[in-house]
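What follows is the content of my_file-v1.txt, which has compact mmCIF, C-alpha atoms:
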# COMPACT_ATOMS: atom_id res chain seq x y z
CA MET A 1302 -37.04 27.15 187.13
CA PRO A 1303 -33.76 27.97 185.39
CA LEU A 1304 -31.60 30.84 186.48
CA TRP A 1305 -30.65 33.56 184.03
CA THR A 1306 -27.15 33.70 182.67
CA VAL A 1307 -25.58 37.04 181.82
CA HIS A 1308 -25.53 37.73 178.09
CA GLY A 1309 -22.06 38.76 176.92
CA ASP A 1310 -20.72 41.66 178.97
CA GLY A 1311 -24.20 42.41 180.32
CA ARG A 1312 -24.35 45.81 178.64
CA THR A 1313 -24.53 45.34 174.86
CA VAL A 1314 -26.10 42.99 172.33
CA ALA A 1315 -23.91 42.12 169.35
CA PRO A 1316 -25.30 42.72 165.82
CA GLY A 1317 -27.47 39.79 164.80
CA ALA A 1318 -27.59 38.38 168.35
CA VAL A 1319 -30.54 38.27 170.76
CA VAL A 1320 -30.80 38.01 174.53
CA ALA A 1321 -32.55 34.68 175.00
CA PRO A 1322 -35.41 34.14 177.50
CA THR A 1323 -33.04 32.44 179.95
CA GLU A 1324 -30.40 35.19 179.64
CA ARG A 1325 -30.31 38.72 180.97
CA LEU A 1326 -28.30 41.91 180.76
CA SER A 1327 -26.96 43.69 183.85
CA TRP A 1328 -29.61 44.30 186.52
CA PRO A 1329 -29.69 48.10 185.99
CA ALA A 1330 -30.32 47.53 182.27
CA THR A 1331 -32.88 44.81 183.04
CA VAL A 1332 -34.78 47.09 185.43
CA ALA A 1333 -34.79 49.93 182.89
CA MET A 1334 -36.14 47.63 180.19
CA GLY A 1335 -38.78 46.28 182.56
CA VAL A 1336 -40.05 49.81 183.20
CA GLN A 1337 -39.96 50.42 179.44
CA HIS A 1338 -42.28 47.46 178.90
CA VAL A 1339 -44.73 48.88 181.44
CA VAL A 1340 -44.76 52.17 179.54
CA ALA A 1341 -45.29 50.28 176.27
CA MET A 1342 -48.34 48.40 177.56
CA PHE A 1343 -49.77 51.30 179.58
CA GLY A 1344 -51.37 53.11 176.67
CA ALA A 1345 -53.57 50.16 175.73
CA THR A 1346 -54.04 48.56 179.16
CA PHE A 1347 -55.55 51.60 180.87
CA LEU A 1348 -57.85 52.36 177.93
CA VAL A 1349 -59.83 49.13 178.37
CA PRO A 1350 -61.01 49.90 181.94
CA SER A 1351 -61.44 53.55 181.00
CA LEU A 1352 -63.85 52.53 178.24
CA THR A 1353 -65.68 49.81 180.17
CA GLY A 1354 -65.94 51.53 183.56
CA PHE A 1355 -63.79 48.96 185.35
CA PRO A 1356 -61.45 50.26 188.08
CA VAL A 1357 -58.17 51.20 186.40
CA SER A 1358 -55.97 50.35 189.39
CA THR A 1359 -57.58 46.92 189.76
CA THR A 1360 -57.05 46.10 186.10
CA LEU A 1361 -53.44 47.26 186.35
CA LEU A 1362 -52.92 45.10 189.45
CA PHE A 1363 -54.14 41.93 187.76
CA SER A 1364 -52.22 42.81 184.64
CA GLY A 1365 -49.03 42.71 186.69
CA LEU A 1366 -50.06 39.63 188.68
CA GLY A 1367 -51.18 37.93 185.46
CA THR A 1368 -47.77 38.53 183.90
CA ILE A 1369 -46.04 36.96 186.90
CA LEU A 1370 -48.46 34.01 186.82
CA PHE A 1371 -47.79 33.60 183.08
CA LEU A 1372 -44.04 33.38 183.72
CA LEU A 1373 -44.57 30.77 186.41
CA VAL A 1374 -46.89 28.56 184.34
CA THR A 1375 -44.63 28.73 181.27
CA ARG A 1376 -41.65 27.80 183.47
CA ASN A 1377 -39.89 31.09 182.83
CA GLN A 1378 -39.32 30.11 179.20
CA LEU A 1379 -41.73 32.45 177.37
CA PRO A 1380 -41.36 36.27 177.58
CA SER A 1381 -44.72 38.02 177.56
CA TYR A 1382 -46.66 40.82 179.20
CA LEU A 1383 -50.36 40.25 179.86
CA GLY A 1384 -52.33 43.45 179.35
CA SER A 1385 -56.03 44.23 179.02
CA SER A 1386 -57.59 42.58 175.98
CA PHE A 1387 -59.64 44.81 173.67
CA ALA A 1388 -61.70 41.77 172.71
CA PHE A 1389 -63.53 42.15 176.04
CA ILE A 1390 -64.68 45.74 175.46
CA ALA A 1391 -67.87 45.03 173.51
CA PRO A 1392 -69.18 42.12 175.64
CA ILE A 1393 -68.27 43.88 178.91
CA THR A 1394 -70.05 47.05 177.84
CA ALA A 1395 -73.15 45.09 176.87
CA ALA A 1396 -73.03 42.92 180.00
CA VAL A 1397 -72.70 45.92 182.35
CA ALA A 1398 -75.69 47.58 180.67
CA ALA A 1399 -77.78 44.42 180.85
CA GLY A 1400 -76.84 42.90 184.20
CA GLY A 1401 -74.30 45.07 185.99
CA LEU A 1402 -70.63 44.77 186.81
CA GLY A 1403 -71.03 41.38 188.50
CA SER A 1404 -72.46 39.80 185.36
CA ALA A 1405 -69.63 41.23 183.26
CA LEU A 1406 -67.05 39.79 185.65
CA ALA A 1407 -68.76 36.40 185.45
CA GLY A 1408 -68.28 36.54 181.69
CA VAL A 1409 -64.57 37.34 182.13
CA VAL A 1410 -64.14 34.39 184.48
CA ALA A 1411 -65.97 32.08 182.04
CA VAL A 1412 -63.62 33.11 179.22
CA GLY A 1413 -60.60 32.47 181.42
CA VAL A 1414 -61.77 28.99 182.40
CA LEU A 1415 -62.57 28.03 178.80
CA LEU A 1416 -59.24 29.37 177.55
CA ALA A 1417 -57.37 27.37 180.18
CA LEU A 1418 -59.27 24.21 179.11
CA VAL A 1419 -58.31 24.87 175.49
CA GLY A 1420 -54.72 25.18 176.69
CA VAL A 1421 -54.90 21.78 178.37
CA VAL A 1422 -56.20 20.21 175.15
CA VAL A 1423 -53.49 21.91 173.08
CA GLN A 1424 -50.79 20.82 175.51
CA VAL A 1425 -51.98 17.21 175.23
CA ALA A 1426 -53.12 16.99 171.61
CA GLY A 1427 -51.02 19.63 169.86
CA LEU A 1428 -51.95 22.59 167.64
CA ALA A 1429 -53.29 20.84 164.55
CA TRP A 1430 -56.95 20.99 165.62
CA VAL A 1431 -56.73 24.73 166.35
CA ASP A 1432 -55.34 25.36 162.87
CA ALA A 1433 -58.14 23.23 161.40
CA LEU A 1434 -60.91 25.08 163.29
CA MET A 1435 -59.49 28.53 162.66
CA PRO A 1436 -57.59 28.66 159.38
CA PRO A 1437 -56.18 32.09 158.43
CA VAL A 1438 -59.29 33.37 156.64
CA VAL A 1439 -61.48 32.60 159.69
CA ALA A 1440 -58.98 33.81 162.30
CA GLY A 1441 -58.41 37.04 160.39
CA ALA A 1442 -62.15 37.67 160.03
CA ILE A 1443 -62.81 37.17 163.75
CA VAL A 1444 -60.00 39.51 164.81
CA ALA A 1445 -60.99 42.14 162.25
CA LEU A 1446 -64.70 42.18 163.08
CA ILE A 1447 -63.96 42.67 166.78
CA GLY A 1448 -62.04 45.85 166.03
CA PHE A 1449 -64.50 47.20 163.49
CA ASN A 1450 -67.48 46.34 165.73
CA LEU A 1451 -66.17 48.98 168.16
CA ALA A 1452 -66.17 51.79 165.59
CA PRO A 1453 -69.46 53.35 166.83
CA THR A 1454 -68.00 53.66 170.34
CA ALA A 1455 -65.01 55.55 168.98
CA TRP A 1456 -67.32 57.89 167.05
CA THR A 1457 -69.46 58.60 170.15
CA ASN A 1458 -66.39 59.64 172.14
CA PHE A 1459 -64.99 61.59 169.18
CA GLN A 1460 -68.19 63.65 168.96
CA ALA A 1461 -67.95 64.61 172.64
CA ASP A 1462 -65.00 66.92 171.88
CA GLY A 1463 -64.01 66.91 168.24
CA ALA A 1464 -61.10 69.34 168.65
CA THR A 1465 -59.40 67.32 171.38
CA ALA A 1466 -60.11 64.07 169.55
CA THR A 1467 -58.58 65.42 166.33
CA VAL A 1468 -55.44 66.63 168.11
CA THR A 1469 -55.08 63.27 169.87
CA LEU A 1470 -55.51 61.28 166.67
CA ALA A 1471 -53.12 63.52 164.75
CA ALA A 1472 -50.51 63.16 167.51
CA VAL A 1473 -50.84 59.35 167.48
CA VAL A 1474 -50.25 59.20 163.73
CA LEU A 1475 -47.47 61.82 163.80
CA PHE A 1476 -45.49 60.09 166.54
CA ALA A 1477 -45.82 56.73 164.74
CA VAL A 1478 -44.13 58.12 161.62
CA LEU A 1479 -41.86 60.70 163.27
CA PHE A 1480 -40.03 58.47 165.75
CA ARG A 1481 -38.18 55.24 165.19
CA GLY A 1482 -37.77 52.35 167.60
CA PHE A 1483 -39.30 52.51 171.06
CA LEU A 1484 -40.88 55.98 170.85
CA GLY A 1485 -42.56 55.06 167.60
CA ARG A 1486 -44.01 51.94 169.19
CA ILE A 1487 -45.67 53.89 172.01
CA SER A 1488 -47.21 56.47 169.71
CA ILE A 1489 -50.71 55.80 171.09
CA PHE A 1490 -49.56 56.46 174.64
CA LEU A 1491 -47.75 59.64 173.56
CA GLY A 1492 -50.82 60.76 171.61
CA VAL A 1493 -52.99 60.31 174.69
CA VAL A 1494 -50.54 62.44 176.70
CA VAL A 1495 -50.72 65.21 174.08
CA GLY A 1496 -54.52 65.04 174.02
CA PHE A 1497 -54.63 65.06 177.82
CA VAL A 1498 -52.50 68.21 177.99
CA PHE A 1499 -54.51 69.87 175.20
CA ALA A 1500 -57.78 69.12 177.02
CA ALA A 1501 -56.33 70.51 180.25
CA PHE A 1502 -55.50 73.83 178.57
CA ARG A 1503 -59.04 73.96 177.23
CA GLY A 1504 -60.47 73.65 180.74
CA SER A 1505 -61.74 70.07 180.62
CA PHE A 1506 -60.51 69.38 184.14
CA SER A 1507 -62.47 72.24 185.69
CA VAL A 1508 -65.87 70.82 184.70
CA PRO A 1509 -67.77 69.30 187.68
CA ASN A 1510 -68.68 65.64 187.37
CA PRO A 1511 -72.22 65.07 188.75
CA LEU A 1512 -71.55 61.35 189.01
CA ARG A 1513 -68.51 61.95 191.25
CA GLY A 1514 -70.06 64.22 193.91
CA GLY A 1515 -69.93 67.31 191.73
CA LYS A 1516 -66.14 67.47 191.98
CA THR A 1517 -63.96 68.41 189.03
CA PRO A 1518 -61.38 65.95 187.71
CA ALA A 1519 -58.62 68.20 189.05
CA GLU A 1520 -60.16 68.05 192.53
CA LEU A 1521 -60.56 64.29 192.37
CA ILE A 1522 -56.89 63.87 191.42
CA ALA A 1523 -55.75 66.27 194.15
CA ASP A 1524 -57.88 64.53 196.82
CA ALA A 1525 -56.75 60.99 195.95
CA PRO A 1526 -54.02 59.56 198.21
CA TRP A 1527 -50.74 58.47 196.76
CA VAL A 1528 -51.04 55.02 198.34
CA GLY A 1529 -54.17 52.91 198.77
CA LEU A 1530 -55.85 49.61 197.94
CA PRO A 1531 -57.46 49.02 194.54
CA GLN A 1532 -61.22 48.47 194.37
CA PHE A 1533 -62.24 44.82 194.35
CA HIS A 1534 -65.52 43.41 193.01
CA LEU A 1535 -66.84 39.86 192.85
CA PRO A 1536 -68.51 38.17 189.87
CA ASP A 1537 -72.24 37.47 189.99
CA PHE A 1538 -73.18 33.97 188.84
CA VAL A 1539 -76.62 33.82 190.47
CA SER A 1540 -78.58 36.64 188.82
CA PRO A 1541 -80.96 35.36 186.11
CA GLY A 1542 -79.47 37.61 183.43
CA THR A 1543 -75.86 36.53 184.03
CA TRP A 1544 -75.96 33.33 182.00
CA THR A 1545 -77.54 35.23 179.14
CA THR A 1546 -74.69 37.72 179.06
CA ILE A 1547 -72.00 35.03 179.29
CA ALA A 1548 -72.92 33.89 175.76
CA MET A 1549 -71.67 37.25 174.46
CA PHE A 1550 -68.20 36.49 175.81
CA LEU A 1551 -67.69 33.12 174.10
CA PRO A 1552 -66.18 34.48 170.84
CA VAL A 1553 -63.49 36.17 172.91
CA VAL A 1554 -62.01 32.72 173.58
CA LEU A 1555 -61.29 32.30 169.87
CA VAL A 1556 -59.59 35.69 169.74
CA LEU A 1557 -57.40 34.95 172.77
CA VAL A 1558 -56.40 31.60 171.28
CA ALA A 1559 -55.36 33.33 168.06
CA GLU A 1560 -53.46 36.07 169.93
CA ASN A 1561 -51.60 33.64 172.19
CA VAL A 1562 -50.71 31.25 169.38
CA GLY A 1563 -49.49 34.19 167.30
CA HIS A 1564 -47.42 35.52 170.21
CA VAL A 1565 -45.69 32.19 170.79
CA ARG A 1566 -44.94 31.75 167.10
CA GLY A 1567 -43.60 35.28 166.88
CA VAL A 1568 -41.21 34.76 169.79
CA ALA A 1569 -40.17 31.37 168.41
CA THR A 1570 -39.35 32.92 165.05
CA MET A 1571 -37.09 35.51 166.66
CA THR A 1572 -35.42 33.27 169.26
CA ASP A 1573 -35.73 29.48 169.08
CA THR A 1574 -38.38 27.28 167.41
CA SER A 1575 -38.45 25.09 170.53
CA VAL A 1576 -40.48 27.87 172.17
CA ASN A 1577 -43.52 26.56 170.25
CA ARG A 1578 -43.82 23.65 172.64
CA HIS A 1579 -45.01 26.11 175.31
CA THR A 1580 -48.14 27.08 173.35
CA GLY A 1581 -50.46 25.02 175.53
CA ARG A 1582 -48.92 26.42 178.69
CA ALA A 1583 -49.32 29.95 177.33
CA LEU A 1584 -53.05 29.38 176.81
CA ILE A 1585 -53.41 27.86 180.28
CA ALA A 1586 -51.53 30.77 181.82
CA ASP A 1587 -53.54 33.47 180.07
CA GLY A 1588 -56.75 31.64 180.95
CA ALA A 1589 -55.77 31.43 184.61
CA ALA A 1590 -54.74 35.11 184.65
CA THR A 1591 -58.04 36.14 183.02
CA ALA A 1592 -60.10 34.08 185.48
CA LEU A 1593 -58.13 35.53 188.40
CA ALA A 1594 -58.70 39.08 187.17
CA GLY A 1595 -62.42 38.54 186.61
CA GLY A 1596 -62.75 36.94 190.03
CA PHE A 1597 -61.79 40.16 191.79
CA GLY A 1598 -62.81 43.02 189.50
CA GLY A 1599 -60.19 43.21 186.78
CA SER A 1600 -60.49 42.97 183.00
CA GLY A 1601 -59.45 39.94 180.94
CA THR A 1602 -55.86 39.70 179.76
CA THR A 1603 -53.97 38.72 176.65
CA THR A 1604 -50.38 38.57 175.45
CA TYR A 1605 -49.45 42.04 174.21
CA GLY A 1606 -48.25 42.83 170.72
CA GLU A 1607 -46.92 46.17 171.95
CA ASN A 1608 -44.35 44.33 174.02
CA ILE A 1609 -43.41 42.02 171.17
CA GLY A 1610 -42.59 45.20 169.26
CA VAL A 1611 -40.34 46.37 172.07
CA MET A 1612 -38.57 43.01 172.12
CA ALA A 1613 -38.07 43.12 168.38
CA ALA A 1614 -36.62 46.64 168.62
CA THR A 1615 -34.28 45.85 171.52
CA ARG A 1616 -33.57 42.18 170.69
CA VAL A 1617 -33.94 41.44 174.40
CA TYR A 1618 -36.27 38.49 175.11
CA SER A 1619 -35.18 37.92 178.71
CA THR A 1620 -37.97 36.82 181.03
CA ALA A 1621 -36.15 38.70 183.81
CA VAL A 1622 -37.34 41.91 182.15
CA TYR A 1623 -40.95 40.76 182.49
CA TRP A 1624 -40.57 39.91 186.16
CA ILE A 1625 -39.53 43.53 186.65
CA ALA A 1626 -42.41 44.79 184.48
CA GLY A 1627 -45.01 42.72 186.33
CA GLY A 1628 -43.72 43.82 189.72
CA PHE A 1629 -43.64 47.49 188.70
CA ALA A 1630 -47.24 47.33 187.43
CA VAL A 1631 -48.37 45.86 190.76
CA LEU A 1632 -46.70 48.73 192.64
CA LEU A 1633 -48.40 51.34 190.44
CA ALA A 1634 -51.78 49.69 191.09
CA PHE A 1635 -51.57 50.68 194.75
CA SER A 1636 -51.64 54.41 193.94
CA PRO A 1637 -55.23 55.80 193.83
CA LYS A 1638 -53.83 59.08 192.54
CA VAL A 1639 -52.53 57.30 189.44
CA GLY A 1640 -55.95 55.72 189.04
CA GLU A 1641 -57.73 59.07 189.21
CA VAL A 1642 -55.40 60.52 186.59
CA PHE A 1643 -56.46 57.76 184.21
CA ASN A 1644 -60.14 58.06 185.18
CA SER A 1645 -60.02 61.75 184.31
CA ILE A 1646 -59.06 61.19 180.67
CA PRO A 1647 -61.60 63.24 178.66
CA ALA A 1648 -63.95 61.55 176.20
CA GLY A 1649 -62.39 63.47 173.32
CA VAL A 1650 -58.97 62.00 174.08
CA LEU A 1651 -60.45 58.51 174.18
CA GLY A 1652 -62.27 59.19 170.92
CA GLY A 1653 -59.09 60.17 169.10
CA ALA A 1654 -57.05 57.28 170.50
CA THR A 1655 -59.70 54.63 169.95
CA THR A 1656 -60.29 55.73 166.37
CA ALA A 1657 -56.76 54.52 165.75
CA LEU A 1658 -56.78 51.59 168.17
CA TYR A 1659 -60.00 49.96 167.01
CA GLY A 1660 -58.93 50.35 163.42
CA LEU A 1661 -55.59 48.75 164.23
CA ILE A 1662 -57.34 45.73 165.72
CA GLY A 1663 -59.17 45.34 162.43
CA ILE A 1664 -55.93 45.74 160.50
CA ILE A 1665 -54.33 42.96 162.56
CA GLY A 1666 -57.04 40.65 161.25
CA ILE A 1667 -56.33 41.76 157.69
CA LYS A 1668 -52.62 41.24 158.30
CA ILE A 1669 -53.37 37.61 159.15
CA TRP A 1670 -54.86 37.27 155.64
CA VAL A 1671 -51.89 38.99 154.03
CA ASP A 1672 -49.22 37.07 155.94
CA ASN A 1673 -50.87 33.76 155.08
CA ARG A 1674 -51.60 34.75 151.47
CA VAL A 1675 -55.31 33.88 151.71
CA ASP A 1676 -56.76 33.24 148.24
CA PHE A 1677 -59.71 35.63 147.93
CA SER A 1678 -60.48 34.45 144.42
CA ARG A 1679 -62.25 31.50 146.09
CA PRO A 1680 -65.95 32.18 146.90
CA VAL A 1681 -65.82 30.38 150.26
CA ASN A 1682 -63.07 32.72 151.45
CA GLN A 1683 -64.85 35.74 149.99
CA TYR A 1684 -68.12 35.07 151.79
CA THR A 1685 -66.45 33.96 155.03
CA ALA A 1686 -64.83 37.38 155.32
CA ALA A 1687 -67.55 39.49 153.72
CA VAL A 1688 -70.55 38.28 155.72
CA SER A 1689 -68.79 38.18 159.08
CA LEU A 1690 -67.33 41.68 158.68
CA VAL A 1691 -70.65 43.26 157.71
CA MET A 1692 -72.34 41.62 160.69
CA GLY A 1693 -69.65 42.96 163.01
CA ILE A 1694 -69.48 46.47 161.56
CA ALA A 1695 -73.26 46.95 161.31
CA GLY A 1696 -73.85 45.54 164.79
CA PHE A 1697 -76.26 42.76 163.77
CA SER A 1698 -78.24 41.38 166.72
CA LEU A 1699 -80.50 38.40 167.39
CA ASN A 1700 -82.77 37.83 170.38
CA LEU A 1701 -83.77 34.27 171.24
CA GLY A 1702 -85.84 34.41 174.39
CA ASP A 1703 -83.52 35.52 177.20
CA PHE A 1704 -80.44 35.26 175.02
CA ALA A 1705 -79.21 38.24 173.02
CA PHE A 1706 -76.45 37.80 170.46
CA GLY A 1707 -74.56 40.80 169.10
CA GLY A 1708 -72.48 41.44 166.01
CA ILE A 1709 -69.33 39.78 167.36
CA VAL A 1710 -71.11 36.52 168.22
CA LEU A 1711 -73.09 36.40 164.97
CA GLY A 1712 -70.08 37.37 162.86
CA THR A 1713 -67.92 34.69 164.49
CA VAL A 1714 -70.55 31.99 164.01
CA ALA A 1715 -71.05 33.10 160.40
CA ALA A 1716 -67.32 32.86 159.67
CA LEU A 1717 -67.06 29.34 161.11
CA VAL A 1718 -70.24 28.01 159.49
CA ILE A 1719 -69.67 29.54 156.04
CA TYR A 1720 -66.06 28.37 155.88
CA HIS A 1721 -66.48 24.79 157.06
CA LEU A 1722 -69.92 24.06 155.57
CA GLY A 1723 -69.07 25.94 152.37
CA ASN A 1724 -65.86 23.96 151.90
CA LEU A 1725 -67.71 20.70 152.54
CA ILE A 1726 -70.30 21.44 149.86
CA ALA A 1727 -67.86 22.92 147.33
CA ARG A 1728 -65.48 19.97 147.59
CA ALA A 1729 -68.33 17.45 147.34
CA ARG A 1730 -69.59 19.22 144.20
CA ARG A 1731 -66.07 19.95 142.90
CA THR A 1732 -67.04 23.51 142.02
CA GLY A 1733 -63.66 25.02 142.85
CA ALA A 1734 -65.31 27.45 145.28
CA ASP A 1735 -63.51 25.94 148.28
CA ASP A 1736 -60.41 27.25 150.03
CA GLY A 1737 -57.54 25.99 147.92
CA GLY A 1738 -54.94 26.99 150.48
CA PRO A 1739 -52.40 29.85 150.43
CA ILE A 1740 -51.48 31.37 147.09
CA PRO A 1741 -48.08 30.00 146.00
CA ALA A 1742 -45.27 32.53 146.29
CA VAL A 1743 -44.15 33.98 142.98
CA GLY A 1744 -40.65 35.40 143.06
CA GLN A 1745 -39.02 36.98 146.06
CA LEU A 1746 -41.11 38.07 149.04
CA GLY A 1747 -39.78 41.29 150.55
CA GLY A 1748 -36.44 43.01 150.30
CA ASP A 1749 -34.81 44.42 147.21
CA PRO A 1750 -35.39 42.74 143.84
CA LEU A 1751 -32.77 40.26 142.81
CA ASP A 1752 -31.33 40.35 139.28

Once more with this new file: its structure as structure tokens, please.
Amino acid sequence: MPLWTVHGDGRTVAPGAVVAPTERLSWPATVAMGVQHVVAMFGATFLVPSLTGFPVSTTLLFSGLGTILFLLVTRNQLPSYLGSSFAFIAPITAAVAAGGLGSALAGVVAVGVLLALVGVVVQVAGLAWVDALMPPVVAGAIVALIGFNLAPTAWTNFQADGATATVTLAAVVLFAVLFRGFLGRISIFLGVVVGFVFAAFRGSFSVPNPLRGGKTPAELIADAPWVGLPQFHLPDFVSPGTWTTIAMFLPVVLVLVAENVGHVRGVATMTDTSVNRHTGRALIADGAATALAGGFGGSGTTTYGENIGVMAATRVYSTAVYWIAGGFAVLLAFSPKVGEVFNSIPAGVLGGATTALYGLIGIIGIKIWVDNRVDFSRPVNQYTAAVSLVMGIAGFSLNLGDFAFGGIVLGTVAALVIYHLGNLIARARRTGADDGGPIPAVGQLGGDPLD
């Protein structure tokens, strides 16, 4: 594992320069930036266990450990923070309702193992087959339908306290457009803080919780010790309903592949194209981290776009920063009081934040279409996106004996079948309905017009 060399004077980054993965700034600056990355990922990472009922401290612990494992597997060459993946929310929620926490954890472990196997194949065979299976129109549809499939959950939480939800949502949007740089990139976290304070003034923390011994959230926070072990749970692979619920998790593998591949390509674009050779290792690492988390009670992980934004803003891609971030997250996980603070977040706050978050997941899918200039004049592309999105948004379901398939599974299968079978037929018939590839660029893309 290479050692870091000090970039320049260790304090500043020259205009146009970046701090490479194998470089670092001074240790005080590196520590500060590591803590900054924890703050950047916190807003999204703690929302996943809050929404699914998983222990927050446990998820945070395996988020930090997963980040450290990722750095080890990628040989300290690829900067990334592994936070809770929103792609797991829908299948975990359904699995907990159908078979309990153990069944949900079994699904998380299954995703991790499959993702690691995909990583092995990619490392050996390269990326061409992934691009062939999931071209931009399919990848964008899968990512988008996962976000939009969660819309009813956001609405349920929003209805619980409309005033708090509205204030939270307004704060999220306001901070995103009011601040530049780092503060703008953590607008969701800042919005949650505003909603949390607003709910506290309205008395939300003085309402007894019958599921927590009749204690109020304020009492639960006050009674929690500052230091303590996270809660650990084991997956259940033996219950009859477990293997039924695992099927709901399979589309998540496709999403994690797309997210990891996109992360690596993003870092490569901003640092060095040679980073792309670590794509297979990135998939293996995220798969191993997800399986580890699911094996002991944590939620599945993914490479975080929030932290890519921080790197882009600071131009610091040092992996030393992520060692600090992972270690700091592990330390926070051993504070039950911190966990109770997160567990006490009112439904209205979650409703306001998730209205933005779930929509943003959908927009990321649409951005994949835009960035790759998908030609939506072609019927195959039109129906690939249209059918899969409606299935995901409406929550289509199909029961086949003991197996139940929800909108995410059906939408994903629809996207894959319509695209590949539709292209096969259209090209055989020469109807012109097939995917003709990206639209050719006409004129300058971005920037000011050139005379």

By how many Å are CA of Phe1597 (chain A) and CA of His1534 (chain A) apart?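 A separation of 5.1 Å between them.
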
Within 9 Å of Val1710 (chain A) using only C-alpha atoms, minus same-chain residues under 6 positions, as a ChimeraX atom specification: /A:1548-1553,1693,1698

Same residues, C-alpha atoms, output as an mmCIF file, keeping the file's coordinate frame:
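And here is the file that came out, out_3.cif:
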data_model
loop_
_atom_site.group_PDB
_atom_site.id
_atom_site.type_symbol
_atom_site.label_atom_id
_atom_site.label_comp_id
_atom_site.auth_asym_id
_atom_site.auth_seq_id
_atom_site.Cartn_x
_atom_site.Cartn_y
_atom_site.Cartn_z
ATOM 1 C CA ALA A 1548 -72.920 33.890 175.760
ATOM 2 C CA MET A 1549 -71.670 37.250 174.460
ATOM 3 C CA PHE A 1550 -68.200 36.490 175.810
ATOM 4 C CA LEU A 1551 -67.690 33.120 174.100
ATOM 5 C CA PRO A 1552 -66.180 34.480 170.840
ATOM 6 C CA VAL A 1553 -63.490 36.170 172.910
ATOM 7 C CA GLY A 1693 -69.650 42.960 163.010
ATOM 8 C CA SER A 1698 -78.240 41.380 166.720
#

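Minimum distance to Ser1689 (chain A) across A:Leu1593, A:Ala1442, A:Ala1318, A:Val1410 (counting all atoms listed in the file) occurs at A:Ala1442.
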
Can you tell me which residues surround region 1614-1625 of chain A at a distance of at most 7 Å, considering only C-alpha atoms, apart from same-chain residues fewer than 5 positions away, and format the answer as a VMD selection string? chain A and resid 1319 to 1325 1331 to 1332 1334 to 1335 1369 1377 1379 to 1382 1482 to 1483

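If all atoms listed in the file are the atoms counted, then among A:Ile1390, A:Ile1646, A:Leu1383, A:Val1349 the closest residue to Ile1709 (chain A) is A:Ile1390.
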
List as a list of chain:residue names the protein and nucleic acid residues near region 1421-1428 of chain A, meaning an atom at most 10 Å away when only C-alpha atoms are counted, but skip any in the same chain fewer than 3 places from it.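 Near region 1421-1428 of chain A, the qualifying residues are A:Leu1415, A:Leu1416, A:Ala1417, A:Leu1418, A:Val1431, A:Asp1432, A:Ala1433, A:Val1562, A:Asn1577, A:Arg1578, A:His1579, A:Thr1580, A:Gly1581, A:Arg1582, A:Ala1583, A:Leu1584, A:Ile1585.
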
Give the answer as one residue: which of A:Ile1667, A:Leu1362, A:Ala1716, A:Ala1654 has the shortest atom-to-atom distance to Ala1452 (chain A), using only C-alpha atoms? A:Ala1654

Choose the residue, out of A:Ala1734, A:Gly1649, A:Ala1407, A:Gly1723, that has the smallest atom-to-atom separation from Val1539 (chain A); count all atoms listed in the file.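 Closest residue, counting all atoms listed in the file: A:Ala1407.
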
Hey, which of A:Ala1586, A:Phe1355, A:Leu1722, A:Pro1647 ends up closest to Val1498 (chain A)? Count only C-alpha atoms. A:Pro1647

Selection: 12 Å around Pro1680 (chain A), all atoms listed in the file, excl. self and same-chain fewer than 6 positions, as JSON, numbers by chain: {"A": [1438, 1686, 1687, 1688, 1719, 1720, 1723, 1724, 1726, 1727, 1732, 1733, 1734, 1735, 1736, 1737]}

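With distances restricted to all atoms listed in the file, A:Ala1411 is the closest residue to Pro1536 (chain A) from A:Val1558, A:Ala1411, A:Val1576, A:Ala1345.
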
Coordinates-based distance that separates CA of Asp1573 (chain A) from CA of Val1314 (chain A) (Å, one decimal):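 So the answer is 16.9 Å.
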
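Across the model, the gap from CA of Leu1361 (chain A) to CA of Gly1529 (chain A) is 13.7 Å.
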
Name the residues in contact with Lys1638 (chain A) at a cut-off of 7 Å, using only C-alpha atoms, excluding same-chain residues fewer than 2 positions from it; report them as a VMD selection string. chain A and resid 1522 1525 to 1527 1636 1640 to 1642
